[in-house]
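Colleague: The structure is given below, and queries will be raised subsequently.
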Amino acid sequence: MNETAPVQSQGFYTEDMTISVGPQHPSTHGVLRFVVRTDGEVISEAIPDVGYLHRSIEKIGEKVTWHGYVPYTDRADYLAAMFANQVFCMAAEKLAGTEVSRRGEFCRVIACELNRIASHLISVGTFGQDIGAMTPFVHALRERETINNLMEEICGARLTYNYIRIGGVGYDILPETCGRISEFLDHFEPIVDEYNRLLSYNKIFIQRLAGVAVVSKEDALSYNLVGPNLRGCGIRWDIRRDIPYSVYPELEFEVPVGTGQVGTLGDSYDRYWVRIRELQESCKIVRQCLKMLPKGPAIAKVPRKFKPPVGECYARVEAPRGDMGFYVVSDGSEYPYRVRIRTGSFTAMSIIDKLSKGIMVADLIALIGSLDVDAPEIDR
Amino acid sequence: MQSYIDQLIQDGYFTGVPREVVYAIAMVLVAFIVLSVFVAPLAGVTSWLERRVWARMQSRIGPNRVGPQGILQWLADGIKNLLKEDLIPSAADSKLFSLAPYVVFVGFLCTFVVVPFGSTLIVADLDIGILYVLAVTSLVVVGILMAGWASNNKWSLLGGMRSAAQIVSYEIPAGLSVLTIVFLAGTLSMQGIIKSQGWAPWDWYLFNNPFTFAAFFLYFTAALAEGNRTPFDIPEAESELVAGYVTEYSGMRFLFFFFAEWGNLYVIGAVATTLFLGGWQVPPVTDDAILLGVLQFIVFFLKAYLWVFIAMWVRATLPRVRVDQLMALCWKYMVPLSFLCLLGTICWMLAFPNGNQIFSVAMFVLGLLILAYFLKRVLFQIRHARPELYFKPHI
């Protein structure tokens with residue numbers, strides 16, 4: 001749409017500028033594209049264009065065995081691979097009625113919450129970088145590096161873990177590793193405060209985010225925002241608490257929600273702040289799990305030829321980018337009949353068009369960063 | 001400088017050559033020497049230092065391979081960029097596109113003509129020194145606008161437009177702050193301004209009265225904005241505009257922009273030192289003219305470089321402001337405040353025509369207290385940030 005509007009009768013015309021933000025752009029966090037129409041700096045329309053990173057992960061599910069599909073789920077969201085592992089295994093277990101070993105459940109929660117910390121660190125770090133602060137990003141990645149080392153110790157991989165298997169986890173968490181995890185937590189909790197002093201309480205940072213791209217409660221629900229984006233609007237909804245799974249009912253943790261402390265309820269800062277608070281909550285959860293870690297096998301006995309009975313099921317977990325669900329259909333064979341993945345980033349993309357009207361180019365970057373959209377998770 | 005050449009002509013070195021030709025050749029030679037011996041290494045080493053300082057603040061190591069501690073990194077980068085293909089996009093306006101980096105470069109280089117490194121070490125002590133600095137640095141905006149327009153790229157265009165608006169706006173508070181000192185000194189000449197101050201801190205214009213104290217910070221902030229530095233680096237805002245007006249540039253032309261940026265940092269420090277911090281003034285410790293000259297140079301260089309370091313520190317700490325906030329900061333706060341400083345200084349001059357020594361000393365003590373409080377805060381942050389993480393990034 002190329003509108004031209006006469007400004008005056010002298011024959012002057014103004015024309016909106018159409019800019020393609022992405023697929024190669026420093027702030028789109030992967031290959032993601034927006035077709036942006038701007039009047040100078042002010043955006044009149046930003047249409048997301050998804051699909052650059054589509055890898056047919058859902059279709060692949062129909063061609064590999066139930067066990068063999070677990071490594072593919074890693075790739076759905078490589079920043080939080082553990083959650084896709086877990087949710088697929090939960091779906092398979094639900095279908096087959098497999099009982100997960102108790103130690104396995106605790107190992108899952110420890111690994112997942114460490115992964116959540118790593119994912120949120122990337123999120124808040126790159127968010128800082130989007131706003132122009134370069135140092136917090138490097139500090140966040142420094143801490144994430146330690147988590148990667150811990151993950152390597154736990155499961156041998158640093159990014160795509162393939163740790164959680166149907167019936168439990170692939171490898172037991174060793175006592176030495178438990179020690180190192182709690183050492184890391186002791187080191188990490190003060191780092192969050194340091195991070196806040198450096199970035200979160202910075203006047204310029206707050207000015208850039210307060211009251212920018214406000215999502216109302218109604219919009220959040222009707223656009224199906226999930227996870228920290230939903231909680232940033234003040235809606236206390238967390239799958240871990242409201243549809244409990246695994247051992248979360250036994251653990252004590254808070255669900256932080258946005259309060260509009262520096263601007264309007266549901267602005268970019270609230271979404272950011274929810275993530276910072278969740279870092280601390282995840283630390284608490286990991287500590288409790290380390291204390292409660294029971295003895296026993298890490299994985300239940302599951303047949304190698306895993307054939308769940310005919311049926312379908314939907315499992316969901318609270319991933320760092322919100323409610324992640326796997327819809328799995330079994331026809332009783334060795335292969336899933338259908339796999340469908342539901343991710344938080346994809347739904348978050350749809351609200352960008354609505355929120356971007358009338359904001360500035362710099363705010364669009366803040367908006368994308370605050371929604372924490374992640375290209376592989378959008379396209380799968 | 002001119003007297004030295006006149007002396008040479010009188011001694012019969014250039015018989016048969018018209019005087020003007022000798023002058024012209026001498027000027028070119030001096031420009032070449034200044035450029036190759038001082039400015040290029042200065043900008044280069046500043047770029048290396050920035051990367052190292054930045055890396056340390058971010059618990060990284062930074063470039064440390066070329067030369068001792070990587071100090072020759074800029075040379076390696078320069079050679080690499082010289083050898084790169086000189087790409088001009090086919091849709092670009094090739095003449096303007098090629099010319100733009102030189103305009104920016106000339107704009108910053110010309111300021112070195114009046115930077116007073118010592119009582120005798122100055123290329124030309126122009127009568128309109130500080131006005132000349134303000135004038136030639138405005139050339140930079142022309143170059144940036146040219147680059148932004150000629151690239152025929154929307155990101156470049158946005159960057160160029162932002163830059164033009166920003167530099168033109170921030171010249172006003174910077175100019176008004178400079179004017180405050182010009183009123184006090186009664187001269188525009190750089191040497192004249194320095195000579196009217198003393199070596200002792202309470203003789204500096206920084207502590208002359210509360211208004212000059214405020215004007216200094218206004219000047220430094222406005223100069224950072226004029227130099228496109230964080231938190232005002234919106235024209236090349238990496239995360240928003242890809243690389244702003246330099247998006248389409250590559251190789252040496254790309255480097256010229258950054259050469260100018262890093263060199264400009266030093267100019268900001270040098271002008272601040274000249275105007276507010278007593279310039280090259282040293283205590284009269286020796287009668288040896290050469291030794292005194294060296295001392296003056298060192299003092300001036302270090303004072304100016306301190307502000308370069310602080311600019312790097314600021315860049316590593318602060319996020320970027322938005323373009324409308326930037327304009328609001330300039331027009332709503334900095335312009336009225338700098339006017340206030342100007343009027344306040346004029347009133348002060350009427351009240352104390354010969355200055356007020358006691359008040360200057362009191363201001364100096366106050367300044368020291370502010371500095372002490374600031375350092376205390378810095379130490380608090382360093383203690384709580386656990387410095388071992390910074391000095392050993394890979395524990």
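Residue numbers start at 1 in each chain; chains themselves are named A, B, ... in the order of the structure tokens; ligands are numbered from 1 in the order shown.
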Show me, as a list of chain:residue names, every residue of chain A with an atom at most 6 Å from chain B, counting only C-alpha atoms.
Modeller: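 Written out as asked, the residues are A:Pro26, A:Ser27, A:Asp130, A:Ile131, A:Gly132, A:Ala133, A:Thr135, A:Val138, A:Ala362.
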Colleague: Just the residues within 9 Å of Trp204 of chain B, please, counting only C-alpha atoms, with nothing from its chain fewer than 4 positions along; format it as a list in words.
Modeller: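 My list of contacting residues is Ile194, Ser196, Gln197, Gly198, Trp199, Ala200, Asn208, Leu275, Phe276, Leu277, Gly278, Gly279 and Ser360 of chain B.
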Colleague: Would you mind exporting N, CA and C atoms of the selected residues as a PDB file, in the first residue's frame?
Modeller:
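Saved the output as again.pdb:
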```pdb
ATOM      1  N   ILE B 194      43.909  30.044  27.830  1.00  0.00           N
ATOM      2  CA  ILE B 194      44.726  29.279  28.777  1.00  0.00           C
ATOM      3  C   ILE B 194      45.571  30.226  29.628  1.00  0.00           C
ATOM      4  N   SER B 196      44.959  33.139  30.569  1.00  0.00           N
ATOM      5  CA  SER B 196      44.217  33.881  31.590  1.00  0.00           C
ATOM      6  C   SER B 196      43.847  32.989  32.783  1.00  0.00           C
ATOM      7  N   GLN B 197      44.175  31.703  32.707  1.00  0.00           N
ATOM      8  CA  GLN B 197      43.993  30.828  33.869  1.00  0.00           C
ATOM      9  C   GLN B 197      45.364  30.576  34.503  1.00  0.00           C
ATOM     10  N   GLY B 198      45.373  29.875  35.618  1.00  0.00           N
ATOM     11  CA  GLY B 198      46.653  29.585  36.259  1.00  0.00           C
ATOM     12  C   GLY B 198      46.869  28.090  36.350  1.00  0.00           C
ATOM     13  N   TRP B 199      48.015  27.695  36.913  1.00  0.00           N
ATOM     14  CA  TRP B 199      48.265  26.252  37.002  1.00  0.00           C
ATOM     15  C   TRP B 199      47.490  25.623  38.136  1.00  0.00           C
ATOM     16  N   ALA B 200      47.193  26.415  39.161  1.00  0.00           N
ATOM     17  CA  ALA B 200      46.517  25.836  40.326  1.00  0.00           C
ATOM     18  C   ALA B 200      45.039  25.611  39.996  1.00  0.00           C
ATOM     19  N   ASN B 208      35.849  28.861  38.807  1.00  0.00           N
ATOM     20  CA  ASN B 208      35.750  30.307  38.913  1.00  0.00           C
ATOM     21  C   ASN B 208      34.477  30.719  39.624  1.00  0.00           C
ATOM     22  N   LEU B 275      39.377  25.185  27.892  1.00  0.00           N
ATOM     23  CA  LEU B 275      38.417  26.166  28.386  1.00  0.00           C
ATOM     24  C   LEU B 275      38.307  26.145  29.901  1.00  0.00           C
ATOM     25  N   PHE B 276      38.276  24.951  30.487  1.00  0.00           N
ATOM     26  CA  PHE B 276      37.888  24.868  31.897  1.00  0.00           C
ATOM     27  C   PHE B 276      39.007  24.420  32.826  1.00  0.00           C
ATOM     28  N   LEU B 277      39.970  23.666  32.283  1.00  0.00           N
ATOM     29  CA  LEU B 277      40.911  23.000  33.190  1.00  0.00           C
ATOM     30  C   LEU B 277      42.329  23.542  33.096  1.00  0.00           C
ATOM     31  N   GLY B 278      42.455  24.793  32.698  1.00  0.00           N
ATOM     32  CA  GLY B 278      43.781  25.396  32.742  1.00  0.00           C
ATOM     33  C   GLY B 278      44.740  24.950  31.670  1.00  0.00           C
ATOM     34  N   GLY B 279      44.291  24.177  30.709  1.00  0.00           N
ATOM     35  CA  GLY B 279      45.136  23.814  29.571  1.00  0.00           C
ATOM     36  C   GLY B 279      46.484  23.260  29.977  1.00  0.00           C
ATOM     37  N   SER B 360      36.755  30.778  44.735  1.00  0.00           N
ATOM     38  CA  SER B 360      37.324  29.766  43.844  1.00  0.00           C
ATOM     39  C   SER B 360      37.880  28.605  44.640  1.00  0.00           C
TER      40      SER B 360
END
```
Colleague: Write out as a PyMOL selection string all residues of segment 33-99 of chain B that backbone DSSP assigns to helix (DSSP H, G or I).
Modeller: chain B and resi 33-57+68-70+73-83+94-99
Colleague: For segment 269-272 of chain A, find every residue with an atom within 8 Å (counting only C-alpha atoms), except residues of its own chain fewer than 4 positions away, and show them as a list in words.
Modeller: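 So, after excluding close chain neighbours, the residues are Val124, Ile206, Leu209, Ala210, Gly211, Pro228, Asn229, Arg231, Gly232, Cys233, Val257, Gly258, Thr259, Gly260, Gln261, Val262, Gly263, Leu265, Ile276, Ser370 and Leu371 of chain A.
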Colleague: Kindly save the residues from that selection, with N, CA and C atoms included, as an mmCIF file, in the first residue's frame.
Modeller:
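Generated file (out.cif):
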```
data_model
loop_
_atom_site.group_PDB
_atom_site.id
_atom_site.type_symbol
_atom_site.label_atom_id
_atom_site.label_comp_id
_atom_site.auth_asym_id
_atom_site.auth_seq_id
_atom_site.Cartn_x
_atom_site.Cartn_y
_atom_site.Cartn_z
ATOM 1 N N VAL A 124 17.211 -10.937 28.913
ATOM 2 C CA VAL A 124 17.430 -9.602 29.487
ATOM 3 C C VAL A 124 18.728 -8.998 28.958
ATOM 4 N N ILE A 206 14.946 3.101 32.202
ATOM 5 C CA ILE A 206 13.556 3.185 32.633
ATOM 6 C C ILE A 206 12.775 4.123 31.724
ATOM 7 N N LEU A 209 11.661 2.539 28.579
ATOM 8 C CA LEU A 209 10.708 1.431 28.626
ATOM 9 C C LEU A 209 9.389 1.778 29.292
ATOM 10 N N ALA A 210 9.405 2.730 30.230
ATOM 11 C CA ALA A 210 8.192 3.008 30.987
ATOM 12 C C ALA A 210 7.109 3.528 30.056
ATOM 13 N N GLY A 211 5.964 2.870 30.077
ATOM 14 C CA GLY A 211 4.828 3.333 29.286
ATOM 15 C C GLY A 211 4.942 3.064 27.794
ATOM 16 N N PRO A 228 5.913 -14.757 30.666
ATOM 17 C CA PRO A 228 6.226 -13.458 31.252
ATOM 18 C C PRO A 228 5.485 -12.310 30.569
ATOM 19 N N ASN A 229 5.173 -12.460 29.282
ATOM 20 C CA ASN A 229 4.450 -11.381 28.599
ATOM 21 C C ASN A 229 3.059 -11.203 29.182
ATOM 22 N N ARG A 231 2.162 -12.324 32.291
ATOM 23 C CA ARG A 231 2.305 -11.924 33.695
ATOM 24 C C ARG A 231 2.708 -10.457 33.809
ATOM 25 N N GLY A 232 3.399 -9.955 32.789
ATOM 26 C CA GLY A 232 3.754 -8.537 32.790
ATOM 27 C C GLY A 232 2.530 -7.643 32.794
ATOM 28 N N CYS A 233 1.388 -8.161 32.295
ATOM 29 C CA CYS A 233 0.158 -7.365 32.290
ATOM 30 C C CYS A 233 -0.586 -7.478 33.606
ATOM 31 N N VAL A 257 4.311 -10.913 39.011
ATOM 32 C CA VAL A 257 3.515 -10.266 37.969
ATOM 33 C C VAL A 257 3.899 -8.792 37.886
ATOM 34 N N GLY A 258 3.580 -8.201 36.764
ATOM 35 C CA GLY A 258 3.872 -6.787 36.571
ATOM 36 C C GLY A 258 3.001 -5.934 37.460
ATOM 37 N N THR A 259 3.549 -4.812 37.905
ATOM 38 C CA THR A 259 2.799 -3.927 38.786
ATOM 39 C C THR A 259 2.720 -2.515 38.221
ATOM 40 N N GLY A 260 3.367 -2.304 37.098
ATOM 41 C CA GLY A 260 3.389 -0.932 36.568
ATOM 42 C C GLY A 260 4.161 0.000 37.455
ATOM 43 N N GLN A 261 5.268 -0.489 38.033
ATOM 44 C CA GLN A 261 5.974 0.293 39.058
ATOM 45 C C GLN A 261 6.615 1.560 38.520
ATOM 46 N N VAL A 262 7.027 1.578 37.268
ATOM 47 C CA VAL A 262 7.651 2.804 36.765
ATOM 48 C C VAL A 262 6.791 3.511 35.727
ATOM 49 N N GLY A 263 5.789 2.830 35.215
ATOM 50 C CA GLY A 263 4.980 3.485 34.190
ATOM 51 C C GLY A 263 3.570 2.959 34.241
ATOM 52 N N LEU A 265 0.787 -0.206 33.790
ATOM 53 C CA LEU A 265 0.753 -1.656 33.941
ATOM 54 C C LEU A 265 0.773 -2.305 32.556
ATOM 55 N N ILE A 276 13.340 -10.650 35.335
ATOM 56 C CA ILE A 276 14.375 -10.513 36.368
ATOM 57 C C ILE A 276 13.934 -11.209 37.652
ATOM 58 N N SER A 370 11.226 -6.812 24.421
ATOM 59 C CA SER A 370 10.500 -7.057 25.667
ATOM 60 C C SER A 370 9.564 -8.248 25.538
ATOM 61 N N LEU A 371 9.113 -8.542 24.304
ATOM 62 C CA LEU A 371 8.264 -9.727 24.122
ATOM 63 C C LEU A 371 9.119 -10.988 24.096
#
```
Colleague: Pick from B:Phe359, B:Phe301, B:Phe216, B:Phe38: nearest to Pro173 of chain B, with only C-alpha atoms counted?
Modeller: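 The shortest atom-to-atom distance to Pro173 of chain B comes from B:Phe216.
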Colleague: If we count only C-alpha atoms and set the cut-off at 12 Å, which residues sit around Glu252 of chain A, ignoring sequence neighbours fewer than 4 positions away in its own chain? Please answer as a list in words.
Modeller: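 After dropping sequence-adjacent residues, the list is Arg240, Arg241, Val247, Tyr248, Glu281, Ser282, Cys283, Lys284, Ile285, Val286, Arg287, Gln288 and Cys289 of chain A.
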Colleague: What would the file look like if the residues just selected were written as an mmCIF file, in the first residue's frame with C-alpha atoms?
Modeller:
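This went into selection.cif:
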```
data_model
loop_
_atom_site.group_PDB
_atom_site.id
_atom_site.type_symbol
_atom_site.label_atom_id
_atom_site.label_comp_id
_atom_site.auth_asym_id
_atom_site.auth_seq_id
_atom_site.Cartn_x
_atom_site.Cartn_y
_atom_site.Cartn_z
ATOM 1 C CA ARG A 240 3.589 -24.527 37.063
ATOM 2 C CA ARG A 241 1.131 -23.196 39.605
ATOM 3 C CA VAL A 247 6.975 -32.009 41.234
ATOM 4 C CA TYR A 248 6.083 -28.321 41.151
ATOM 5 C CA GLU A 281 12.438 -17.535 41.729
ATOM 6 C CA SER A 282 14.184 -20.148 39.587
ATOM 7 C CA CYS A 283 17.200 -19.994 41.896
ATOM 8 C CA LYS A 284 14.852 -20.690 44.807
ATOM 9 C CA ILE A 285 13.296 -23.670 43.029
ATOM 10 C CA VAL A 286 16.663 -25.209 42.165
ATOM 11 C CA ARG A 287 17.812 -24.842 45.766
ATOM 12 C CA GLN A 288 14.716 -26.624 47.057
ATOM 13 C CA CYS A 289 15.111 -29.415 44.514
#
```
Colleague: Could you list, as an mmCIF file with N, CA and C atoms, in the first residue's frame, every residue within 12 Å of Trp307 of chain B, counting only C-alpha atoms and ignoring same-chain residues fewer than 5 positions away?
Modeller:
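Below you can see selection-v1.cif, which holds the result:
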```
data_model
loop_
_atom_site.group_PDB
_atom_site.id
_atom_site.type_symbol
_atom_site.label_atom_id
_atom_site.label_comp_id
_atom_site.auth_asym_id
_atom_site.auth_seq_id
_atom_site.Cartn_x
_atom_site.Cartn_y
_atom_site.Cartn_z
ATOM 1 N N THR B 46 43.576 5.519 20.562
ATOM 2 C CA THR B 46 42.310 5.709 21.276
ATOM 3 C C THR B 46 41.350 4.570 20.975
ATOM 4 N N PHE B 216 30.631 23.566 32.529
ATOM 5 C CA PHE B 216 31.562 22.516 32.124
ATOM 6 C C PHE B 216 30.816 21.223 31.822
ATOM 7 N N PHE B 217 29.924 20.832 32.723
ATOM 8 C CA PHE B 217 29.212 19.574 32.510
ATOM 9 C C PHE B 217 28.256 19.672 31.329
ATOM 10 N N TYR B 219 28.814 21.518 28.742
ATOM 11 C CA TYR B 219 29.652 21.432 27.556
ATOM 12 C C TYR B 219 30.016 19.977 27.272
ATOM 13 N N PHE B 220 30.414 19.262 28.299
ATOM 14 C CA PHE B 220 30.872 17.882 28.083
ATOM 15 C C PHE B 220 29.728 17.017 27.543
ATOM 16 N N THR B 221 28.534 17.177 28.123
ATOM 17 C CA THR B 221 27.385 16.397 27.648
ATOM 18 C C THR B 221 27.050 16.753 26.209
ATOM 19 N N ALA B 223 29.011 18.013 24.026
ATOM 20 C CA ALA B 223 30.081 17.580 23.128
ATOM 21 C C ALA B 223 29.974 16.093 22.844
ATOM 22 N N LEU B 224 29.598 15.320 23.865
ATOM 23 C CA LEU B 224 29.389 13.883 23.643
ATOM 24 C C LEU B 224 28.299 13.681 22.598
ATOM 25 N N ASN B 264 37.880 12.722 17.335
ATOM 26 C CA ASN B 264 37.003 13.747 17.857
ATOM 27 C C ASN B 264 36.898 13.687 19.375
ATOM 28 N N LEU B 265 36.957 12.458 19.903
ATOM 29 C CA LEU B 265 36.929 12.292 21.353
ATOM 30 C C LEU B 265 38.039 13.108 21.986
ATOM 31 N N TYR B 266 39.222 12.997 21.372
ATOM 32 C CA TYR B 266 40.354 13.726 21.935
ATOM 33 C C TYR B 266 40.133 15.222 21.814
ATOM 34 N N VAL B 267 39.562 15.653 20.684
ATOM 35 C CA VAL B 267 39.303 17.085 20.515
ATOM 36 C C VAL B 267 38.352 17.579 21.605
ATOM 37 N N ILE B 268 37.318 16.769 21.914
ATOM 38 C CA ILE B 268 36.384 17.148 22.982
ATOM 39 C C ILE B 268 37.159 17.372 24.281
ATOM 40 N N GLY B 269 38.026 16.400 24.601
ATOM 41 C CA GLY B 269 38.820 16.517 25.816
ATOM 42 C C GLY B 269 39.732 17.721 25.780
ATOM 43 N N ALA B 270 40.325 17.970 24.617
ATOM 44 C CA ALA B 270 41.285 19.073 24.505
ATOM 45 C C ALA B 270 40.580 20.415 24.672
ATOM 46 N N VAL B 271 39.400 20.550 24.058
ATOM 47 C CA VAL B 271 38.689 21.822 24.182
ATOM 48 C C VAL B 271 38.225 22.023 25.628
ATOM 49 N N ALA B 272 37.739 20.946 26.241
ATOM 50 C CA ALA B 272 37.315 21.057 27.644
ATOM 51 C C ALA B 272 38.487 21.457 28.517
ATOM 52 N N THR B 273 39.652 20.868 28.258
ATOM 53 C CA THR B 273 40.839 21.194 29.045
ATOM 54 C C THR B 273 41.238 22.648 28.851
ATOM 55 N N LEU B 277 39.970 23.666 32.283
ATOM 56 C CA LEU B 277 40.911 23.000 33.190
ATOM 57 C C LEU B 277 42.329 23.542 33.096
ATOM 58 N N PHE B 300 48.897 18.688 29.460
ATOM 59 C CA PHE B 300 47.743 18.910 28.594
ATOM 60 C C PHE B 300 47.194 17.587 28.088
ATOM 61 N N PHE B 301 48.127 16.735 27.664
ATOM 62 C CA PHE B 301 47.710 15.465 27.069
ATOM 63 C C PHE B 301 46.930 14.638 28.079
ATOM 64 N N LEU B 302 47.451 14.580 29.308
ATOM 65 C CA LEU B 302 46.788 13.748 30.312
ATOM 66 C C LEU B 302 45.431 14.314 30.702
ATOM 67 N N MET B 312 34.690 6.920 27.403
ATOM 68 C CA MET B 312 34.653 5.465 27.213
ATOM 69 C C MET B 312 33.868 4.798 28.331
ATOM 70 N N TRP B 313 34.083 5.278 29.525
ATOM 71 C CA TRP B 313 33.413 4.742 30.713
ATOM 72 C C TRP B 313 31.901 4.912 30.572
ATOM 73 N N VAL B 314 31.520 6.131 30.167
ATOM 74 C CA VAL B 314 30.096 6.411 29.975
ATOM 75 C C VAL B 314 29.519 5.472 28.926
#
```
Colleague: Quick one: everything within 6 Å of Gly167 of chain A, counting only C-alpha atoms, minus sequence neighbours fewer than 6 positions away in the same chain. Send it as a ChimeraX atom specification.
Modeller: /A:100,299-300
Colleague: Take the residues from that selection and put them in a file with C-alpha atoms, as a PDB file, in the first residue's frame.
Modeller:
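The resulting selection.pdb:
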```
ATOM      1  CA  VAL A 100       8.293 -41.297  35.775  1.00  0.00           C
ATOM      2  CA  ILE A 299      14.782 -43.211  34.604  1.00  0.00           C
ATOM      3  CA  ALA A 300      11.908 -45.659  34.723  1.00  0.00           C
TER       4      ALA A 300
END
```
Colleague: Residues of segment 137-288 of chain A in strand (DSSP E or B) according to DSSP, as JSON, numbers by chain?
Modeller: {"A": [164, 165, 168, 169]}
Colleague: Rounded to one decimal place, report the atom CA of Pro210 of chain B-atom CA of Ser338 of chain B distance in Å.
Modeller: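 Separating atom CA of Pro210 of chain B from atom CA of Ser338 of chain B is a distance of 12.3 Å.
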